[in-house]
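Participant: For reference, this is target.csv, and it has CSV, C-alpha atoms.
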chain,number,residue,atom,x,y,z
A,13,MET,CA,187.3,271.4,127.9
A,14,THR,CA,186.9,272.4,131.5
A,15,LYS,CA,184.9,275.4,132.5
A,16,THR,CA,186.2,277.4,135.4
A,17,GLY,CA,184.5,280.1,137.4
A,18,PHE,CA,181.6,277.8,138.5
A,19,PRO,CA,180.9,276.8,142.1
A,20,ASN,CA,182.1,273.2,141.6
A,21,ALA,CA,185.2,273.9,139.5
A,22,ALA,CA,187.4,273.5,142.6
A,23,LEU,CA,186.2,269.9,143.1
A,24,ILE,CA,187.6,268.6,139.8
A,25,GLY,CA,189.9,265.7,140.6
A,26,VAL,CA,189.2,265.7,144.3
A,27,ALA,CA,188.7,262.3,145.8
A,28,GLY,CA,185.0,262.0,146.8
A,29,GLY,CA,184.3,265.3,145.0
A,30,ARG,CA,181.2,263.8,143.3
A,31,ASP,CA,179.4,263.8,146.6
A,32,LEU,CA,180.3,267.4,147.3
A,33,ILE,CA,178.8,268.9,144.1
A,34,GLU,CA,176.7,272.0,144.8
A,35,THR,CA,173.2,271.4,143.3
A,36,PRO,CA,171.1,271.4,141.2
A,37,ALA,CA,173.7,270.2,138.7
A,38,LEU,CA,173.5,268.4,135.4
A,39,VAL,CA,175.7,265.3,135.7
A,40,ILE,CA,177.1,263.0,133.0
A,41,GLU,CA,178.5,259.6,133.8
A,42,LEU,CA,181.6,259.6,131.5
A,43,ASP,CA,181.8,255.8,131.1
A,44,ALA,CA,178.1,255.5,130.2
A,45,LEU,CA,178.3,258.3,127.7
A,46,GLU,CA,181.3,256.6,126.0
A,47,ARG,CA,179.5,253.3,125.9
A,48,ASN,CA,176.5,255.0,124.3
A,49,LEU,CA,178.6,256.7,121.7
A,50,ALA,CA,180.4,253.5,120.8
A,51,ALA,CA,177.2,251.5,120.7
A,52,MET,CA,175.4,253.8,118.2
A,53,ALA,CA,178.5,254.1,116.0
A,54,LYS,CA,178.7,250.3,115.9
A,55,ALA,CA,175.0,249.9,115.1
A,56,ALA,CA,175.0,252.5,112.3
A,57,LYS,CA,178.0,250.9,110.7
A,58,ALA,CA,176.5,247.4,110.9
A,59,ALA,CA,173.3,248.8,109.2
A,60,GLY,CA,175.3,250.3,106.4
A,61,MET,CA,174.7,253.9,107.4
A,62,LYS,CA,177.0,256.7,108.4
A,63,LEU,CA,176.3,258.8,111.4
A,64,ARG,CA,175.7,262.5,111.8
A,65,PRO,CA,174.2,262.7,115.3
A,66,HIS,CA,171.9,265.5,116.4
A,67,ALA,CA,173.7,267.9,118.7
A,68,LYS,CA,170.5,269.7,119.6
A,69,THR,CA,170.3,267.1,122.4
A,70,HIS,CA,173.6,268.1,124.1
A,71,LYS,CA,174.6,271.5,122.5
A,72,CYS,CA,178.1,270.7,123.7
A,73,ALA,CA,181.3,270.9,121.6
A,74,GLU,CA,183.1,268.4,123.7
A,75,ILE,CA,180.4,265.7,123.2
A,76,ALA,CA,180.3,266.6,119.5
A,77,ARG,CA,184.1,266.0,119.3
A,78,ARG,CA,183.7,262.7,121.0
A,79,GLN,CA,181.0,261.6,118.6
A,80,ILE,CA,183.3,262.6,115.7
A,81,ALA,CA,186.1,260.6,117.3
A,82,HIS,CA,183.8,257.6,117.2
A,83,GLY,CA,183.5,258.0,113.5
A,84,ALA,CA,180.6,260.5,113.0
A,85,LEU,CA,180.7,262.6,109.8
A,86,GLY,CA,179.9,265.7,111.8
A,87,VAL,CA,176.8,266.7,113.7
A,88,CYS,CA,173.3,268.0,113.0
A,89,VAL,CA,171.9,271.1,114.7
A,90,ALA,CA,168.4,272.4,114.9
A,91,LYS,CA,169.1,276.1,114.6
A,92,LEU,CA,171.5,278.3,112.8
A,93,GLY,CA,172.8,279.8,116.1
A,94,GLU,CA,173.8,276.3,117.3
A,95,ALA,CA,175.8,275.9,114.0
A,96,GLU,CA,177.5,279.2,114.5
A,97,VAL,CA,178.6,278.4,118.1
A,98,LEU,CA,179.8,274.9,117.3
A,99,ALA,CA,181.7,276.1,114.2
A,100,ASP,CA,183.4,278.6,116.5
A,101,GLU,CA,184.5,275.6,118.6
A,102,GLY,CA,186.0,273.9,115.5
A,103,ILE,CA,183.2,271.4,114.8
A,104,ARG,CA,182.8,270.7,111.1
A,105,GLY,CA,180.4,268.6,109.0
A,106,LEU,CA,177.4,270.6,110.3
A,107,LEU,CA,173.8,270.0,109.0
A,108,ILE,CA,171.2,272.5,110.0
A,109,THR,CA,168.0,270.4,110.0
A,110,SER,CA,165.4,273.2,110.3
A,111,PRO,CA,164.8,275.6,107.4
A,112,VAL,CA,166.5,279.0,107.6
A,113,VAL,CA,164.0,281.4,106.0
A,114,THR,CA,164.7,285.1,107.0
A,115,PRO,CA,166.9,287.5,105.0
A,116,ARG,CA,169.1,288.0,108.1
A,117,GLY,CA,169.3,284.3,108.6
A,118,HIS,CA,170.3,283.8,105.0
A,119,GLU,CA,173.1,286.4,105.5
A,120,ARG,CA,174.3,284.6,108.5
A,121,LEU,CA,174.2,281.2,106.8
A,122,CYS,CA,176.2,282.6,103.9
A,123,ALA,CA,178.8,284.0,106.3
A,124,LEU,CA,179.0,280.6,108.0
A,125,MET,CA,179.5,278.9,104.6
A,126,LYS,CA,182.6,281.1,104.1
A,127,ARG,CA,184.1,279.8,107.3
A,128,THR,CA,182.9,276.2,107.1
A,129,PRO,CA,182.2,275.4,103.4
A,130,ASP,CA,181.0,271.8,104.2
A,131,THR,CA,178.0,273.1,106.2
A,132,MET,CA,174.6,272.1,104.8
A,133,ALA,CA,171.1,273.5,105.2
A,134,VAL,CA,167.7,272.2,104.4
A,135,VAL,CA,165.0,273.9,102.2
A,136,ASP,CA,161.4,272.8,101.9
A,137,HIS,CA,159.8,275.6,99.7
A,138,PRO,CA,160.8,277.0,96.3
A,139,GLU,CA,160.4,280.7,97.4
A,140,VAL,CA,162.9,280.1,100.2
A,141,ALA,CA,165.3,278.4,97.8
A,142,ARG,CA,165.1,281.4,95.5
A,143,ALA,CA,165.7,283.8,98.4
A,144,LEU,CA,168.7,281.8,99.7
A,145,SER,CA,170.1,281.7,96.2
A,146,ALA,CA,169.9,285.5,95.9
A,147,ALA,CA,171.7,285.8,99.3
A,148,ALA,CA,174.4,283.3,98.2
A,149,ALA,CA,175.0,285.2,95.0
A,150,LYS,CA,175.3,288.5,96.9
A,151,ALA,CA,177.8,286.9,99.4
A,152,GLY,CA,179.8,285.1,96.7
A,153,VAL,CA,179.3,281.6,98.1
A,154,LYS,CA,177.5,278.4,97.2
A,155,VAL,CA,175.3,276.8,99.7
A,156,ASN,CA,175.0,273.1,100.2
A,157,VAL,CA,171.3,272.1,100.4
A,158,LEU,CA,169.2,269.1,101.3
A,159,VAL,CA,165.5,269.1,100.4
A,160,ASP,CA,163.5,268.3,103.5
A,161,VAL,CA,160.7,265.8,102.7
A,162,ASN,CA,157.5,265.5,104.8
A,163,VAL,CA,157.4,261.8,105.7
A,164,GLY,CA,154.3,262.1,108.0
A,165,LEU,CA,155.3,264.4,110.8
A,166,SER,CA,154.1,267.5,108.9
A,167,ARG,CA,156.3,269.8,111.0
A,168,THR,CA,158.5,270.8,108.1
A,169,GLY,CA,159.1,269.3,104.7
A,170,ALA,CA,157.8,269.4,101.1
A,171,SER,CA,155.3,266.8,99.9
A,172,PRO,CA,156.8,264.0,97.8
A,173,ASP,CA,155.8,265.8,94.5
A,174,GLY,CA,157.0,269.1,95.9
A,175,ALA,CA,160.3,267.6,96.9
A,176,VAL,CA,160.9,266.3,93.4
A,177,ALA,CA,160.2,269.6,91.8
A,178,LEU,CA,162.2,271.5,94.5
A,179,SER,CA,165.2,269.2,94.1
A,180,ALA,CA,165.2,269.9,90.3
A,181,GLN,CA,165.0,273.6,90.9
A,182,ILE,CA,168.0,273.6,93.3
A,183,ALA,CA,170.0,271.3,91.1
A,184,ASN,CA,169.7,273.9,88.3
A,185,ASP,CA,170.5,276.9,90.5
A,186,ALA,CA,174.0,278.4,90.1
A,187,ASN,CA,174.3,279.4,93.7
A,188,LEU,CA,173.0,276.3,95.5
A,189,ILE,CA,174.4,272.8,95.5
A,190,TRP,CA,171.8,270.0,95.8
A,191,ARG,CA,173.3,267.3,98.0
A,192,GLY,CA,170.2,265.1,98.6
A,193,LEU,CA,167.3,264.7,100.9
A,194,GLN,CA,166.3,264.8,104.5
A,195,GLY,CA,163.3,263.0,106.1
A,196,TYR,CA,162.5,262.8,109.8
A,197,ALA,CA,159.6,260.5,111.0
A,198,GLY,CA,159.3,262.1,114.5
A,199,GLN,CA,155.8,260.9,114.8
A,200,VAL,CA,156.9,257.3,115.2
A,201,GLN,CA,159.9,257.7,117.5
A,202,HIS,CA,158.1,257.0,120.8
A,203,ILE,CA,155.7,254.3,119.7
A,204,GLU,CA,156.1,251.7,122.5
A,205,ASP,CA,154.8,248.7,120.6
A,206,GLN,CA,157.9,247.4,118.6
A,207,ALA,CA,155.9,245.9,115.8
A,208,GLU,CA,153.8,249.0,115.3
A,209,ARG,CA,156.8,251.3,115.5
A,210,ARG,CA,158.6,249.2,112.8
A,211,GLU,CA,155.6,249.1,110.5
A,212,LYS,CA,154.9,252.8,110.7
A,213,SER,CA,158.5,253.8,110.5
A,214,LEU,CA,159.1,251.8,107.4
A,215,ALA,CA,155.9,253.1,105.8
A,216,SER,CA,157.1,256.7,106.4
A,217,LEU,CA,160.5,256.0,105.0
A,218,GLY,CA,158.8,254.5,101.9
A,219,LEU,CA,157.8,258.1,101.0
A,220,LEU,CA,161.4,259.2,101.2
A,221,ARG,CA,162.5,256.2,99.1
A,222,GLU,CA,159.9,257.2,96.5
A,223,VAL,CA,161.3,260.7,96.2
A,224,ARG,CA,164.8,259.4,95.9
A,225,ASP,CA,163.9,256.9,93.2
A,226,ARG,CA,161.9,259.4,91.2
A,227,LEU,CA,164.8,261.8,91.2
A,228,ALA,CA,167.2,259.0,90.2
A,229,VAL,CA,165.0,258.4,87.1
A,230,GLN,CA,165.5,262.1,86.2
A,231,GLY,CA,169.3,261.7,86.6
A,232,LEU,CA,169.5,263.4,90.1
A,233,LEU,CA,171.3,260.9,92.3
A,234,ALA,CA,171.1,261.9,96.0
A,235,GLU,CA,174.5,261.8,97.5
A,236,ILE,CA,173.0,262.1,101.0
A,237,VAL,CA,169.7,260.9,102.4
A,238,SER,CA,169.7,261.9,106.1
A,239,GLY,CA,167.2,261.3,108.9
A,240,GLY,CA,166.1,258.8,111.5
A,241,GLY,CA,166.2,259.0,115.3
A,242,THR,CA,167.0,257.2,118.6
A,243,GLY,CA,163.6,255.5,118.7
A,244,THR,CA,164.0,253.9,115.3
A,245,PHE,CA,167.8,253.5,115.0
A,246,ASP,CA,167.5,249.7,114.8
A,247,ILE,CA,164.7,249.9,112.2
A,248,ASP,CA,166.0,252.7,109.9
A,249,GLY,CA,168.6,250.6,108.2
A,250,GLU,CA,165.9,248.1,107.0
A,251,ALA,CA,164.4,250.8,104.7
A,252,ARG,CA,167.7,250.9,102.7
A,253,VAL,CA,167.2,254.6,102.1
A,254,PHE,CA,169.3,256.5,104.6
A,255,THR,CA,173.0,257.1,103.9
A,256,GLU,CA,173.3,258.7,107.3
A,257,LEU,CA,171.5,258.6,110.7
A,258,GLN,CA,170.6,261.7,112.7
A,259,ALA,CA,169.8,260.1,116.1
A,260,GLY,CA,170.7,262.4,119.0
A,261,SER,CA,169.1,261.5,122.3
A,262,TYR,CA,170.9,258.1,122.5
A,263,ALA,CA,174.1,259.9,123.8
A,264,VAL,CA,172.5,260.7,127.2
A,265,MET,CA,169.0,259.2,127.0
A,266,ASP,CA,165.9,260.3,129.0
A,267,ARG,CA,162.8,258.7,130.5
A,268,GLN,CA,160.7,259.1,127.4
A,269,TYR,CA,163.1,257.3,125.1
A,270,ALA,CA,163.9,254.6,127.8
A,271,GLU,CA,160.1,253.9,127.9
A,272,VAL,CA,160.1,253.1,124.2
A,273,TRP,CA,161.7,249.8,125.3
A,274,THR,CA,160.9,249.4,129.0
A,275,LYS,CA,157.1,249.7,128.6
A,276,SER,CA,157.2,246.6,126.3
A,277,GLY,CA,159.4,244.7,128.7
A,278,ALA,CA,162.7,245.2,126.8
A,279,ARG,CA,166.0,246.7,128.0
A,280,PRO,CA,166.9,250.0,126.5
A,281,PRO,CA,169.9,249.7,124.1
A,282,PHE,CA,171.5,252.9,125.6
A,283,GLU,CA,172.2,253.9,129.2
A,284,ALA,CA,170.9,256.8,131.2
A,285,ALA,CA,174.2,258.7,131.1
A,286,MET,CA,172.8,262.1,132.2
A,287,GLN,CA,171.1,262.9,135.5
A,288,VAL,CA,170.1,266.0,137.4
A,289,MET,CA,171.7,265.9,140.9
A,290,THR,CA,169.7,267.6,143.6
A,291,SER,CA,170.1,267.9,147.4
A,292,VAL,CA,167.6,267.7,150.3
A,293,ILE,CA,167.2,271.1,151.8
A,294,SER,CA,164.3,270.5,154.2
A,295,ALA,CA,163.2,267.4,156.1
A,296,ASN,CA,160.7,268.6,158.8
A,297,VAL,CA,157.6,266.7,157.7
A,298,PRO,CA,157.5,262.9,158.1
A,299,GLY,CA,157.4,261.1,154.8
A,300,LEU,CA,158.3,264.2,152.8
A,301,VAL,CA,161.5,266.0,152.0
A,302,THR,CA,162.1,269.1,149.9
A,303,THR,CA,165.0,269.4,147.3
A,304,ASP,CA,166.6,272.3,145.5
A,305,ALA,CA,165.5,271.2,142.0
A,306,GLY,CA,162.1,272.4,141.0
A,307,LEU,CA,160.4,273.6,137.8
A,308,LYS,CA,163.5,275.5,136.7
A,309,ALA,CA,165.8,272.4,136.9
A,310,PHE,CA,163.9,270.1,134.5
A,311,ALA,CA,161.9,270.2,131.3
A,312,THR,CA,158.4,269.8,132.6
A,313,GLU,CA,156.1,269.0,129.6
A,314,ALA,CA,156.4,265.3,130.2
A,315,GLY,CA,155.9,265.2,134.0
A,316,ALA,CA,158.1,264.7,136.9
A,317,PRO,CA,161.5,263.0,136.7
A,318,VAL,CA,162.2,259.5,137.8
A,319,ILE,CA,164.5,259.0,140.8
A,320,ALA,CA,167.5,257.0,139.7
A,321,SER,CA,169.4,256.8,143.1
A,322,GLY,CA,169.8,258.4,146.5
A,323,ALA,CA,166.3,257.8,147.8
A,324,PRO,CA,164.6,254.7,149.2
A,325,GLU,CA,162.8,252.4,146.7
A,326,GLY,CA,159.3,253.5,146.1
A,327,SER,CA,160.0,257.2,146.6
A,328,LYS,CA,158.3,259.6,144.2
A,329,TYR,CA,159.5,263.0,142.9
A,330,PHE,CA,157.2,265.9,142.3
A,331,PHE,CA,157.6,269.6,141.5
A,332,PHE,CA,157.2,271.7,144.7
A,333,GLY,CA,157.7,275.1,143.0
A,334,ASP,CA,160.0,277.0,140.7
A,335,GLU,CA,163.1,276.4,142.8
A,336,GLN,CA,162.1,273.3,144.9
A,337,GLY,CA,161.2,269.7,144.3
A,338,GLY,CA,159.7,267.3,146.7
A,339,VAL,CA,160.1,263.6,147.4
A,340,ILE,CA,157.3,261.5,148.9
A,341,LEU,CA,159.0,258.7,150.9
A,342,PRO,CA,157.6,255.3,151.6
A,343,PRO,CA,156.3,254.6,155.1
A,344,GLY,CA,159.0,254.7,157.7
A,345,ALA,CA,161.7,256.1,155.4
A,346,ALA,CA,163.7,259.3,155.9
A,347,LEU,CA,166.4,261.4,154.3
A,348,SER,CA,168.7,263.9,156.0
A,349,HIS,CA,169.6,267.4,155.0
A,350,GLY,CA,172.2,267.5,152.2
A,351,ALA,CA,171.4,264.0,150.9
A,352,LYS,CA,172.1,263.8,147.2
A,353,ILE,CA,169.4,262.4,144.8
A,354,LEU,CA,170.0,261.6,141.1
A,355,CYS,CA,167.0,262.1,138.9
A,356,HIS,CA,166.4,260.9,135.3
A,357,PRO,CA,164.9,263.7,133.3
A,358,PRO,CA,161.7,263.0,131.3
A,359,HIS,CA,163.1,264.9,128.2
A,360,CYS,CA,166.8,265.4,127.8
A,361,ASP,CA,167.0,268.2,125.1
A,362,PRO,CA,165.1,271.0,126.9
A,363,THR,CA,166.6,270.0,130.3
A,364,VAL,CA,170.1,270.4,128.9
A,365,ASN,CA,169.1,273.9,127.7
A,366,LEU,CA,168.6,275.0,131.3
A,367,TYR,CA,172.2,274.5,132.3
A,368,ASP,CA,175.5,276.1,131.5
A,369,VAL,CA,177.8,273.1,132.1
A,370,PHE,CA,177.8,269.3,132.3
A,371,HIS,CA,179.4,268.0,135.5
A,372,VAL,CA,181.3,265.0,134.2
A,373,VAL,CA,181.8,262.3,136.8
A,374,GLU,CA,183.9,259.1,136.8
A,375,GLY,CA,183.7,256.9,139.9
A,376,ASP,CA,183.6,259.1,143.0
A,377,ARG,CA,185.3,262.1,141.3
A,378,LEU,CA,184.2,265.1,139.3
A,379,VAL,CA,186.6,265.0,136.4
A,380,ALA,CA,185.5,267.9,134.2
A,381,LEU,CA,183.0,270.7,133.6
A,382,TRP,CA,182.0,270.8,129.9
A,383,PRO,CA,180.4,274.0,128.7
A,384,ILE,CA,177.1,273.7,127.0
A,385,GLU,CA,178.1,276.3,124.5
A,386,ALA,CA,175.0,276.4,122.3
A,387,ARG,CA,172.4,276.6,125.0
A,388,GLY,CA,169.9,279.3,124.5
A,389,ARG,CA,170.7,279.6,120.8
A,390,GLY,CA,167.2,279.4,119.5
A,391,ALA,CA,167.9,281.6,116.5
Taking this structure as input, can you express it in the form of structure tokens?
Facilitator:
Amino acid sequence: MTKTGFPNAALIGVAGGRDLIETPALVIELDALERNLAAMAKAAKAAGMKLRPHAKTHKCAEIARRQIAHGALGVCVAKLGEAEVLADEGIRGLLITSPVVTPRGHERLCALMKRTPDTMAVVDHPEVARALSAAAAKAGVKVNVLVDVNVGLSRTGASPDGAVALSAQIANDANLIWRGLQGYAGQVQHIEDQAERREKSLASLGLLREVRDRLAVQGLLAEIVSGGGTGTFDIDGEARVFTELQAGSYAVMDRQYAEVWTKSGARPPFEAAMQVMTSVISANVPGLVTTDAGLKAFATEAGAPVIASGAPEGSKYFFFGDEQGGVILPPGAALSHGAKILCHPPHCDPTVNLYDVFHVVEGDRLVALWPIEARGRGA
């Protein structure tokens, strides 16, 4: 659970050690994380859905274990490499939510199936299904498959008609086991108007329900219908189509998902459990300080982070270079060298992928370093 050999490892358990963390560092508030995990588990259960949260957010075996301890069936992953790493850490109930299409990828997937027979993959094209079947036959395994349905995002997924035909093809394949359907309406997750988000989400899931019901008429009953996300977790149950929810960002949250609620005047249902801690390294210019967390410390496609604490109200963070950030201070304010600032990342998933460990804090102490085992596993 705790990673040694890192600059802050010696601070674990030290009173006041939180304030001594060398930066930039990715920090998780343990209590907030646990509240988020418990809240989503409760919400999914109340909506009649099981939970298979998306580990592409955190890429961390310890967080996956805690999600499973809160009742999750397992976890989703975006890439085969993430599944391999988490399987090595003992995580089971894995669902790879992006299609695996290359011959080498199929070999690796079949090897993974031998180790973790409950692993599932998604397919969205008949040629890929045939290639995967051939690889499975060669390896002497059967591969659990969900058919990925395009419900409006158009990133992956078969059309409704294509999904019906592909499901029948897989159900009749001796080397593949058809388990059901997947549909992810990513295009609606960040709609800030609640009524619009609800309307468009339910319309998208209507396409998934149509596929499910057409298959049922043919005698193909989907054991699993998987999908959904943090932005629609409180809507997805209304569609009465999902058997399990794939939400992931809720565990740690980021600025973008918080704004789904805050921009409409509502309180986010989950806490900002993850922050980037940075330190002031230069304070020679009035009204301006430089920090040690720049472009390499945050995902940058959604702008600069929001300052959560450590700087006067009204302070604004900006990127000052690859290695440095900057804070513009309000008139008359100042910060000294070494001052610690906590920043809320705009986008959690790619920010996590920049770090090797989570610094887990509780009160004024650093209590653990959790390895981010699957970071960098893009294949």
Participant: Find, counting all atoms listed in the file, the residue in A:Leu144, A:Ala259, A:Leu214, A:Ile189 that gets nearest to Leu232 (chain A).
Facilitator: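 Of the candidates, the smallest distance to Leu232 (chain A) is held by A:Ile189.
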Participant: Report as a PyMOL selection string all protein, DNA and RNA residues lying within 10 Å of Ala21 (chain A), evaluated on only C-alpha atoms, omitting residues in the same chain fewer than 2 positions from it.
Facilitator: chain A and resi 14-19+23-25+33+371+378-381
Participant: Report, in Å with one decimal, the straight-line distance from CA of Asn187 (chain A) to CA of Gly152 (chain A).
Facilitator: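 Separation of CA of Asn187 (chain A) and CA of Gly152 (chain A): 8.5 Å.
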Participant: A:Val372, A:Ala170, A:Leu98, A:Leu300: which is nearest Ile340 (chain A), counting all atoms listed in the file?
Facilitator: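 Smallest distance to Ile340 (chain A) is found for A:Leu300.
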Participant: What does the structure give for the distance between CA of Gly192 (chain A) and CA of Val223 (chain A), in Å to one decimal?
Facilitator: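 Distance reported for this atom pair: 10.2 Å.
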Participant: Can you work out which one of A:Leu233, A:Val159, A:Ala90, A:Ala316 has the shortest atom-to-atom distance to Arg267 (chain A), counting all atoms listed in the file?
Facilitator: A:Ala316
Participant: Identify which of the residues A:Met132, A:Met265, A:Leu257, A:Ile293 lies closest to Lys57 (chain A), counting all atoms listed in the file when measuring atom-to-atom distances.
Facilitator: A:Leu257
Participant: Ranking A:Ala143, A:Glu101, A:Ala270, A:Ala228 by minimum distance to Gly117 (chain A) and counting all atoms listed in the file, which one comes first?
Facilitator: A:Ala143
Participant: Identify the residues within 12 Å of coordinate (159.7, 252.0, 129.1) (same frame as the file), considering only C-alpha atoms, and give the answer as a PyMOL selection string.
Facilitator: chain A and resi 202-206+243+265-281+318+358
Participant: Can you work out which one of A:Val176, A:Met52, A:Val200, A:Ala67 has the shortest atom-to-atom distance to Asp225 (chain A), counting only C-alpha atoms?
Facilitator: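 Looking at the shortest contact to Asp225 (chain A), the residue is A:Val176.
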Participant: Some atoms are absent from region 137-154 of chain A, so rebuild N, CA and C atoms and return them as a compact mmCIF listing (two decimals), in the coordinates of the input.
Facilitator:
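Once everything was written out, this is selection-v4.txt:
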# COMPACT_ATOMS: atom_id res chain seq x y z
N HIS A 137 160.79 274.78 100.49
CA HIS A 137 159.80 275.60 99.70
C HIS A 137 160.61 276.32 98.59
N PRO A 138 160.04 276.39 97.40
CA PRO A 138 160.80 277.00 96.30
C PRO A 138 161.04 278.51 96.50
N GLU A 139 160.16 279.23 97.17
CA GLU A 139 160.40 280.70 97.40
C GLU A 139 161.62 280.84 98.34
N VAL A 140 161.73 279.99 99.35
CA VAL A 140 162.90 280.10 100.20
C VAL A 140 164.15 279.73 99.50
N ALA A 141 164.08 278.76 98.60
CA ALA A 141 165.30 278.40 97.80
C ALA A 141 165.71 279.59 96.94
N ARG A 142 164.76 280.28 96.35
CA ARG A 142 165.10 281.40 95.50
C ARG A 142 165.73 282.56 96.35
N ALA A 143 165.18 282.79 97.54
CA ALA A 143 165.70 283.80 98.40
C ALA A 143 167.12 283.47 98.90
N LEU A 144 167.33 282.20 99.23
CA LEU A 144 168.70 281.80 99.70
C LEU A 144 169.65 281.87 98.52
N SER A 145 169.22 281.55 97.32
CA SER A 145 170.10 281.70 96.20
C SER A 145 170.53 283.11 95.95
N ALA A 146 169.59 284.04 96.10
CA ALA A 146 169.90 285.50 95.90
C ALA A 146 170.94 285.90 96.98
N ALA A 147 170.75 285.45 98.22
CA ALA A 147 171.70 285.80 99.30
C ALA A 147 173.05 285.20 99.03
N ALA A 148 173.08 283.97 98.53
CA ALA A 148 174.40 283.30 98.20
C ALA A 148 175.09 284.05 97.11
N ALA A 149 174.35 284.47 96.09
CA ALA A 149 175.00 285.20 95.00
C ALA A 149 175.57 286.52 95.48
N LYS A 150 174.84 287.21 96.34
CA LYS A 150 175.30 288.50 96.90
C LYS A 150 176.58 288.27 97.74
N ALA A 151 176.62 287.16 98.48
CA ALA A 151 177.80 286.90 99.40
C ALA A 151 178.93 286.24 98.64
N GLY A 152 178.69 285.77 97.42
CA GLY A 152 179.80 285.10 96.70
C GLY A 152 180.09 283.73 97.19
N VAL A 153 179.06 282.99 97.64
CA VAL A 153 179.30 281.60 98.10
C VAL A 153 178.26 280.70 97.44
N LYS A 154 178.51 279.42 97.56
CA LYS A 154 177.50 278.40 97.20
C LYS A 154 177.11 277.66 98.40
